[in-house]
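Below: run-v4.cif (mmCIF, N, CA and C atoms and all ligand atoms)
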data_work
#
loop_
_atom_site.group_PDB
_atom_site.id
_atom_site.type_symbol
_atom_site.label_atom_id
_atom_site.label_comp_id
_atom_site.auth_asym_id
_atom_site.auth_seq_id
_atom_site.Cartn_x
_atom_site.Cartn_y
_atom_site.Cartn_z
ATOM 1 N N MET S 1 163.891 161.173 -69.771
ATOM 2 C CA MET S 1 164.122 162.603 -69.886
ATOM 3 C C MET S 1 164.258 163.019 -71.353
ATOM 4 N N SER S 2 163.558 164.069 -71.752
ATOM 5 C CA SER S 2 163.578 164.510 -73.144
ATOM 6 C C SER S 2 164.843 165.312 -73.448
ATOM 7 N N GLU S 3 165.342 165.179 -74.701
ATOM 8 C CA GLU S 3 166.517 165.947 -75.139
ATOM 9 C C GLU S 3 166.111 167.329 -75.655
ATOM 10 N N THR S 4 164.804 167.440 -75.961
ATOM 11 C CA THR S 4 164.317 168.696 -76.542
ATOM 12 C C THR S 4 164.268 169.792 -75.481
ATOM 13 N N PRO S 5 164.969 170.931 -75.730
ATOM 14 C CA PRO S 5 164.925 171.998 -74.721
ATOM 15 C C PRO S 5 163.531 172.607 -74.612
ATOM 16 N N ASN S 6 163.133 172.831 -73.426
ATOM 17 C CA ASN S 6 161.833 173.473 -73.189
ATOM 18 C C ASN S 6 162.029 174.998 -73.268
ATOM 19 N N PRO S 7 161.415 175.639 -74.277
ATOM 20 C CA PRO S 7 161.663 177.083 -74.457
ATOM 21 C C PRO S 7 161.320 177.912 -73.232
ATOM 22 N N GLU S 8 160.273 177.522 -72.523
ATOM 23 C CA GLU S 8 159.916 178.312 -71.323
ATOM 24 C C GLU S 8 160.988 178.195 -70.247
ATOM 25 N N GLU S 9 161.500 176.960 -70.089
ATOM 26 C CA GLU S 9 162.560 176.765 -69.078
ATOM 27 C C GLU S 9 163.833 177.495 -69.482
ATOM 28 N N MET S 10 164.121 177.459 -70.807
ATOM 29 C CA MET S 10 165.321 178.153 -71.273
ATOM 30 C C MET S 10 165.241 179.635 -70.961
ATOM 31 N N SER S 11 164.094 180.213 -71.253
ATOM 32 C CA SER S 11 164.023 181.654 -71.032
ATOM 33 C C SER S 11 164.031 181.953 -69.530
ATOM 34 N N LEU S 12 163.493 181.044 -68.716
ATOM 35 C CA LEU S 12 163.560 181.240 -67.263
ATOM 36 C C LEU S 12 165.022 181.201 -66.813
ATOM 37 N N ASP S 13 165.775 180.222 -67.366
ATOM 38 C CA ASP S 13 167.209 180.147 -67.037
ATOM 39 C C ASP S 13 167.937 181.421 -67.444
ATOM 40 N N GLU S 14 167.615 181.900 -68.638
ATOM 41 C CA GLU S 14 168.273 183.121 -69.126
ATOM 42 C C GLU S 14 167.952 184.314 -68.231
ATOM 43 N N LEU S 15 166.689 184.403 -67.872
ATOM 44 C CA LEU S 15 166.291 185.509 -67.001
ATOM 45 C C LEU S 15 166.993 185.414 -65.645
ATOM 46 N N ARG S 16 167.129 184.180 -65.155
ATOM 47 C CA ARG S 16 167.792 184.016 -63.851
ATOM 48 C C ARG S 16 169.287 184.313 -63.936
ATOM 49 N N ARG S 17 169.882 184.013 -65.107
ATOM 50 C CA ARG S 17 171.300 184.376 -65.297
ATOM 51 C C ARG S 17 171.445 185.897 -65.306
ATOM 52 N N GLU S 18 170.468 186.563 -65.922
ATOM 53 C CA GLU S 18 170.505 188.029 -65.948
ATOM 54 C C GLU S 18 170.398 188.576 -64.515
ATOM 55 N N ILE S 19 169.486 187.990 -63.742
ATOM 56 C CA ILE S 19 169.351 188.415 -62.339
ATOM 57 C C ILE S 19 170.659 188.152 -61.574
ATOM 58 N N GLU S 20 171.290 186.994 -61.868
ATOM 59 C CA GLU S 20 172.557 186.653 -61.198
ATOM 60 C C GLU S 20 173.621 187.714 -61.497
ATOM 61 N N ASP S 21 173.704 188.130 -62.770
ATOM 62 C CA ASP S 21 174.673 189.167 -63.156
ATOM 63 C C ASP S 21 174.379 190.483 -62.434
ATOM 64 N N ILE S 22 173.097 190.839 -62.401
ATOM 65 C CA ILE S 22 172.700 192.092 -61.740
ATOM 66 C C ILE S 22 173.027 192.016 -60.248
ATOM 67 N N ASP S 23 172.746 190.864 -59.624
ATOM 68 C CA ASP S 23 173.019 190.697 -58.181
ATOM 69 C C ASP S 23 174.506 190.907 -57.886
ATOM 70 N N ARG S 24 175.351 190.395 -58.801
ATOM 71 C CA ARG S 24 176.799 190.566 -58.619
ATOM 72 C C ARG S 24 177.168 192.051 -58.706
ATOM 73 N N GLU S 25 176.581 192.732 -59.693
ATOM 74 C CA GLU S 25 176.846 194.164 -59.853
ATOM 75 C C GLU S 25 176.388 194.948 -58.623
ATOM 76 N N ILE S 26 175.232 194.554 -58.064
ATOM 77 C CA ILE S 26 174.733 195.244 -56.866
ATOM 78 C C ILE S 26 175.747 195.103 -55.723
ATOM 79 N N VAL S 27 176.249 193.872 -55.534
ATOM 80 C CA VAL S 27 177.216 193.648 -54.443
ATOM 81 C C VAL S 27 178.506 194.430 -54.708
ATOM 82 N N GLU S 28 178.910 194.493 -55.987
ATOM 83 C CA GLU S 28 180.116 195.258 -56.342
ATOM 84 C C GLU S 28 179.915 196.743 -56.003
ATOM 85 N N LEU S 29 178.737 197.264 -56.306
ATOM 86 C CA LEU S 29 178.453 198.669 -56.004
ATOM 87 C C LEU S 29 178.394 198.912 -54.494
ATOM 88 N N ILE S 30 177.825 197.936 -53.755
ATOM 89 C CA ILE S 30 177.789 198.066 -52.290
ATOM 90 C C ILE S 30 179.223 198.098 -51.753
ATOM 91 N N ALA S 31 180.078 197.215 -52.311
ATOM 92 C CA ALA S 31 181.479 197.179 -51.870
ATOM 93 C C ALA S 31 182.160 198.515 -52.172
ATOM 94 N N ARG S 32 181.919 199.070 -53.374
ATOM 95 C CA ARG S 32 182.517 200.373 -53.734
ATOM 96 C C ARG S 32 182.060 201.453 -52.772
ATOM 97 N N ARG S 33 180.746 201.441 -52.457
ATOM 98 C CA ARG S 33 180.198 202.447 -51.530
ATOM 99 C C ARG S 33 180.861 202.312 -50.150
ATOM 100 N N THR S 34 181.087 201.053 -49.749
ATOM 101 C CA THR S 34 181.679 200.803 -48.435
ATOM 102 C C THR S 34 183.158 201.208 -48.405
ATOM 103 N N TYR S 35 183.876 200.967 -49.528
ATOM 104 C CA TYR S 35 185.300 201.353 -49.562
ATOM 105 C C TYR S 35 185.451 202.866 -49.394
ATOM 106 N N VAL S 36 184.514 203.619 -50.008
ATOM 107 C CA VAL S 36 184.576 205.084 -49.874
ATOM 108 C C VAL S 36 184.425 205.471 -48.398
ATOM 109 N N ALA S 37 183.655 204.690 -47.656
ATOM 110 C CA ALA S 37 183.440 204.971 -46.237
ATOM 111 C C ALA S 37 184.768 204.965 -45.463
ATOM 112 N N ASP S 38 185.709 204.122 -45.886
ATOM 113 C CA ASP S 38 187.019 204.097 -45.219
ATOM 114 C C ASP S 38 187.711 205.447 -45.360
ATOM 115 N N THR S 39 187.637 206.015 -46.566
ATOM 116 C CA THR S 39 188.259 207.317 -46.804
ATOM 117 C C THR S 39 187.512 208.408 -46.038
ATOM 118 N N VAL S 40 186.180 208.311 -46.034
ATOM 119 C CA VAL S 40 185.372 209.280 -45.281
ATOM 120 C C VAL S 40 185.780 209.225 -43.796
ATOM 121 N N ALA S 41 185.981 208.021 -43.278
ATOM 122 C CA ALA S 41 186.372 207.860 -41.868
ATOM 123 C C ALA S 41 187.701 208.550 -41.596
ATOM 124 N N ALA S 42 188.643 208.432 -42.536
ATOM 125 C CA ALA S 42 189.964 209.061 -42.359
ATOM 126 C C ALA S 42 189.824 210.583 -42.337
ATOM 127 N N VAL S 43 189.008 211.123 -43.252
ATOM 128 C CA VAL S 43 188.783 212.582 -43.302
ATOM 129 C C VAL S 43 188.140 213.062 -42.004
ATOM 130 N N LYS S 44 187.144 212.297 -41.517
ATOM 131 C CA LYS S 44 186.445 212.699 -40.293
ATOM 132 C C LYS S 44 187.378 212.661 -39.081
ATOM 133 N N GLU S 45 188.224 211.630 -39.052
ATOM 134 C CA GLU S 45 189.158 211.513 -37.929
ATOM 135 C C GLU S 45 190.099 212.711 -37.929
ATOM 136 N N ASP S 46 190.589 213.035 -39.113
ATOM 137 C CA ASP S 46 191.486 214.169 -39.304
ATOM 138 C C ASP S 46 190.869 215.473 -38.808
ATOM 139 N N ARG S 47 189.563 215.635 -39.104
ATOM 140 C CA ARG S 47 188.877 216.892 -38.749
ATOM 141 C C ARG S 47 188.106 216.788 -37.437
ATOM 142 N N ASP S 48 188.315 215.667 -36.750
ATOM 143 C CA ASP S 48 187.661 215.441 -35.459
ATOM 144 C C ASP S 48 186.126 215.539 -35.555
ATOM 145 N N LEU S 49 185.578 214.931 -36.597
ATOM 146 C CA LEU S 49 184.131 214.934 -36.813
ATOM 147 C C LEU S 49 183.529 213.593 -36.399
ATOM 148 N N PRO S 50 182.266 213.581 -35.947
ATOM 149 C CA PRO S 50 181.637 212.299 -35.579
ATOM 150 C C PRO S 50 181.317 211.454 -36.823
ATOM 151 N N THR S 51 181.172 210.153 -36.616
ATOM 152 C CA THR S 51 180.855 209.248 -37.730
ATOM 153 C C THR S 51 179.504 209.593 -38.347
ATOM 154 N N THR S 52 178.508 209.822 -37.479
ATOM 155 C CA THR S 52 177.150 210.084 -37.982
ATOM 156 C C THR S 52 176.971 211.542 -38.354
ATOM 157 N N ASP S 53 176.423 211.751 -39.565
ATOM 158 C CA ASP S 53 176.060 213.097 -40.011
ATOM 159 C C ASP S 53 174.604 213.021 -40.474
ATOM 160 N N GLU S 54 173.695 213.400 -39.564
ATOM 161 C CA GLU S 54 172.265 213.206 -39.852
ATOM 162 C C GLU S 54 171.765 214.022 -41.044
ATOM 163 N N SER S 55 172.292 215.235 -41.227
ATOM 164 C CA SER S 55 171.807 216.037 -42.360
ATOM 165 C C SER S 55 172.247 215.409 -43.686
ATOM 166 N N GLN S 56 173.465 214.845 -43.719
ATOM 167 C CA GLN S 56 173.911 214.141 -44.938
ATOM 168 C C GLN S 56 173.054 212.891 -45.164
ATOM 169 N N GLU S 57 172.724 212.185 -44.078
ATOM 170 C CA GLU S 57 171.871 210.989 -44.220
ATOM 171 C C GLU S 57 170.509 211.378 -44.805
ATOM 172 N N GLU S 58 169.972 212.517 -44.356
ATOM 173 C CA GLU S 58 168.685 212.971 -44.914
ATOM 174 C C GLU S 58 168.795 213.256 -46.403
ATOM 175 N N ARG S 59 169.926 213.876 -46.806
ATOM 176 C CA ARG S 59 170.113 214.164 -48.235
ATOM 177 C C ARG S 59 170.201 212.872 -49.045
ATOM 178 N N VAL S 60 170.913 211.888 -48.487
ATOM 179 C CA VAL S 60 171.056 210.594 -49.176
ATOM 180 C C VAL S 60 169.690 209.923 -49.329
ATOM 181 N N MET S 61 168.892 209.964 -48.244
ATOM 182 C CA MET S 61 167.572 209.325 -48.268
ATOM 183 C C MET S 61 166.624 210.021 -49.246
ATOM 184 N N GLU S 62 166.708 211.347 -49.266
ATOM 185 C CA GLU S 62 165.842 212.102 -50.175
ATOM 186 C C GLU S 62 166.197 211.778 -51.636
ATOM 187 N N ARG S 63 167.505 211.746 -51.891
ATOM 188 C CA ARG S 63 167.990 211.415 -53.241
ATOM 189 C C ARG S 63 167.548 210.004 -53.638
ATOM 190 N N ALA S 64 167.617 209.080 -52.681
ATOM 191 C CA ALA S 64 167.211 207.691 -52.956
ATOM 192 C C ALA S 64 165.743 207.652 -53.380
ATOM 193 N N GLY S 65 164.904 208.433 -52.667
ATOM 194 C CA GLY S 65 163.481 208.482 -52.993
ATOM 195 C C GLY S 65 163.249 209.064 -54.379
ATOM 196 N N GLU S 66 163.987 210.145 -54.694
ATOM 197 C CA GLU S 66 163.841 210.776 -56.022
ATOM 198 C C GLU S 66 164.282 209.829 -57.133
ATOM 199 N N ASN S 67 165.413 209.162 -56.900
ATOM 200 C CA ASN S 67 165.904 208.208 -57.921
ATOM 201 C C ASN S 67 164.917 207.059 -58.108
ATOM 202 N N ALA S 68 164.339 206.594 -56.990
ATOM 203 C CA ALA S 68 163.358 205.508 -57.077
ATOM 204 C C ALA S 68 162.172 205.928 -57.943
ATOM 205 N N GLU S 69 161.692 207.150 -57.700
ATOM 206 C CA GLU S 69 160.549 207.635 -58.495
ATOM 207 C C GLU S 69 160.912 207.749 -59.957
ATOM 208 N N GLN S 70 162.128 208.234 -60.219
ATOM 209 C CA GLN S 70 162.578 208.380 -61.609
ATOM 210 C C GLN S 70 162.590 207.029 -62.332
ATOM 211 N N PHE S 71 162.987 205.977 -61.597
ATOM 212 C CA PHE S 71 163.062 204.645 -62.218
ATOM 213 C C PHE S 71 161.807 203.805 -61.959
ATOM 214 N N ASP S 72 160.789 204.465 -61.421
ATOM 215 C CA ASP S 72 159.484 203.831 -61.218
ATOM 216 C C ASP S 72 159.542 202.570 -60.344
ATOM 217 N N VAL S 73 160.303 202.669 -59.251
ATOM 218 C CA VAL S 73 160.292 201.595 -58.252
ATOM 219 C C VAL S 73 159.819 202.172 -56.918
ATOM 220 N N ASP S 74 159.363 201.306 -56.032
ATOM 221 C CA ASP S 74 158.767 201.736 -54.763
ATOM 222 C C ASP S 74 159.786 202.530 -53.920
ATOM 223 N N ALA S 75 159.483 203.818 -53.699
ATOM 224 C CA ALA S 75 160.417 204.700 -52.990
ATOM 225 C C ALA S 75 160.669 204.230 -51.554
ATOM 226 N N ASN S 76 159.624 203.723 -50.880
ATOM 227 C CA ASN S 76 159.809 203.289 -49.493
ATOM 228 C C ASN S 76 160.728 202.080 -49.393
ATOM 229 N N LEU S 77 160.597 201.155 -50.349
ATOM 230 C CA LEU S 77 161.478 199.983 -50.335
ATOM 231 C C LEU S 77 162.922 200.383 -50.631
ATOM 232 N N VAL S 78 163.094 201.265 -51.611
ATOM 233 C CA VAL S 78 164.451 201.719 -51.948
ATOM 234 C C VAL S 78 165.059 202.455 -50.748
ATOM 235 N N LYS S 79 164.245 203.260 -50.077
ATOM 236 C CA LYS S 79 164.750 203.972 -48.894
ATOM 237 C C LYS S 79 165.145 202.999 -47.785
ATOM 238 N N ALA S 80 164.372 201.917 -47.646
ATOM 239 C CA ALA S 80 164.717 200.904 -46.625
ATOM 240 C C ALA S 80 166.086 200.289 -46.937
ATOM 241 N N ILE S 81 166.345 200.057 -48.217
ATOM 242 C CA ILE S 81 167.649 199.505 -48.620
ATOM 243 C C ILE S 81 168.756 200.515 -48.301
ATOM 244 N N PHE S 82 168.500 201.793 -48.591
ATOM 245 C CA PHE S 82 169.516 202.815 -48.320
ATOM 246 C C PHE S 82 169.768 203.000 -46.822
ATOM 247 N N ARG S 83 168.715 202.799 -46.011
ATOM 248 C CA ARG S 83 168.900 202.858 -44.559
ATOM 249 C C ARG S 83 169.952 201.817 -44.146
ATOM 250 N N LEU S 84 169.814 200.609 -44.722
ATOM 251 C CA LEU S 84 170.773 199.541 -44.408
ATOM 252 C C LEU S 84 172.170 199.887 -44.929
ATOM 253 N N LEU S 85 172.235 200.472 -46.135
ATOM 254 C CA LEU S 85 173.541 200.822 -46.710
ATOM 255 C C LEU S 85 174.250 201.870 -45.852
ATOM 256 N N ILE S 86 173.475 202.816 -45.341
ATOM 257 C CA ILE S 86 174.066 203.841 -44.473
ATOM 258 C C ILE S 86 174.601 203.194 -43.190
ATOM 259 N N GLU S 87 173.809 202.275 -42.597
ATOM 260 C CA GLU S 87 174.267 201.591 -41.375
ATOM 261 C C GLU S 87 175.533 200.791 -41.646
ATOM 262 N N LEU S 88 175.563 200.111 -42.791
ATOM 263 C CA LEU S 88 176.749 199.336 -43.185
ATOM 264 C C LEU S 88 177.976 200.245 -43.272
ATOM 265 N N ASN S 89 177.781 201.410 -43.883
ATOM 266 C CA ASN S 89 178.873 202.378 -44.016
ATOM 267 C C ASN S 89 179.368 202.860 -42.651
ATOM 268 N N LYS S 90 178.446 203.079 -41.735
ATOM 269 C CA LYS S 90 178.851 203.585 -40.422
ATOM 270 C C LYS S 90 179.589 202.513 -39.617
ATOM 271 N N VAL S 91 179.154 201.258 -39.770
ATOM 272 C CA VAL S 91 179.870 200.158 -39.103
ATOM 273 C C VAL S 91 181.305 200.114 -39.635
ATOM 274 N N GLU S 92 181.433 200.204 -40.968
ATOM 275 C CA GLU S 92 182.755 200.178 -41.609
ATOM 276 C C GLU S 92 183.622 201.344 -41.119
ATOM 277 N N GLN S 93 183.011 202.539 -41.056
ATOM 278 C CA GLN S 93 183.766 203.720 -40.612
ATOM 279 C C GLN S 93 184.229 203.577 -39.169
ATOM 280 N N ARG S 94 183.337 203.011 -38.323
ATOM 281 C CA ARG S 94 183.710 202.879 -36.903
ATOM 282 C C ARG S 94 184.838 201.872 -36.745
ATOM 283 N N GLU S 95 184.854 200.861 -37.621
ATOM 284 C CA GLU S 95 185.920 199.852 -37.539
ATOM 285 C C GLU S 95 187.260 200.398 -38.010
ATOM 286 N N SER S 96 187.209 201.405 -38.913
ATOM 287 C CA SER S 96 188.481 201.844 -39.506
ATOM 288 C C SER S 96 189.039 203.115 -38.849
ATOM 289 N N ARG S 97 188.391 203.569 -37.775
ATOM 290 C CA ARG S 97 188.964 204.760 -37.134
ATOM 291 C C ARG S 97 189.296 204.530 -35.673
HETATM 292 C C1 LIG C 1 179.489 208.441 -45.482
HETATM 293 C C2 LIG C 1 179.246 209.307 -44.494
HETATM 294 O O1 LIG C 1 179.054 208.889 -43.156
HETATM 295 C C3 LIG C 1 177.792 208.460 -42.670
HETATM 296 C C4 LIG C 1 177.182 207.568 -43.670
HETATM 297 C C5 LIG C 1 176.412 208.092 -44.686
HETATM 298 C C6 LIG C 1 176.093 207.271 -45.903
HETATM 299 O O2 LIG C 1 176.330 206.065 -45.886
HETATM 300 O O3 LIG C 1 175.620 207.839 -46.909
HETATM 301 C C7 LIG C 1 175.933 209.410 -44.574
HETATM 302 C C8 LIG C 1 176.205 210.189 -43.490
HETATM 303 C C9 LIG C 1 176.980 209.697 -42.312
HETATM 304 O O4 LIG C 1 176.110 209.440 -41.230
HETATM 305 C C10 LIG C 1 179.246 210.763 -44.722
HETATM 306 O O5 LIG C 1 179.290 211.514 -43.747
HETATM 307 O O6 LIG C 1 179.191 211.176 -45.900
#
Give the structure from the file, written as structure tokens.
Amino acid sequence: MSETPNPEEMSLDELRREIEDIDREIVELIARRTYVADTVAAVKEDRDLPTTDESQEERVMERAGENAEQFDVDANLVKAIFRLLIELNKVEQRESR
């Protein structure tokens, strides 16, 4: 085994560390989004509102598409991710009310 670092492998490692950091941040943001759902659930319970609000979901999805376009990423893929995030939030809300 050679002691000389392979520059291509090093930069691959560095890039993967960057992805690892970003992945952690993504999970942290998902957790933050989910924690807010607990508070939303409390407000809805207080006002006797249902967990699902389809018009709000449409606004969230539309915003996701606009943000995706702004950052030049595939809007349909980003929307698919947001569909899952909304479902995750609703599961959390149903558990906490
Ligand atoms: C968080 C809410 O509850 C649900 C979850 C949503 C979301 O995750 O963005 C949007 C609408 C609701 O169906 C809300 O009403 O704002």
**Q.** Test item: residues at most 6.5 Å from stretch 30-44 of chain S, all atoms listed in the file, excluding those fewer than 6 positions along its chain, as a PyMOL selection string
**A.** chain S and resi 50+88-89+92-93+96-97
Work out where the centre of an axis-aligned box around every listed atom of ligand LIG 1 (chain C) lies and how long its edges are once 8 Å is added on each side; give both in Å to one decimal as AutoDock Vina command-line options.
--center_x 177.6 --center_y 208.8 --center_z -44.1 --size_x 19.9 --size_y 21.4 --size_z 21.7
Q | Closest of S:Ile22, S:Leu49, S:Ala75, S:Val60 to ligand LIG 1 (chain C) - atom-to-atom distances counting only C-alpha atoms and all ligand atoms | A |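 That would be S:Val60, the residue with the smallest distance to ligand LIG 1 (chain C).
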Q: Write out as a VMD selection string each polymer residue (protein, DNA or RNA) that has an atom no more than 5 Å from ligand LIG 1 (chain C), with all atoms listed in the file counted.
A: chain S and resid 51 to 54 56 to 57 85 to 86 89
Q: Write out as a ChimeraX atom specification the residues lying within 9 Å of stretch 63-65 of chain S, counting only C-alpha atoms and excluding same-chain residues fewer than 6 positions away.
A: /S:74-76,78-79,82
Q | Filtered DSSP result for chain S, state alpha helix (DSSP H), as a ChimeraX atom specification | A | /S:7-46,54-70,75-95
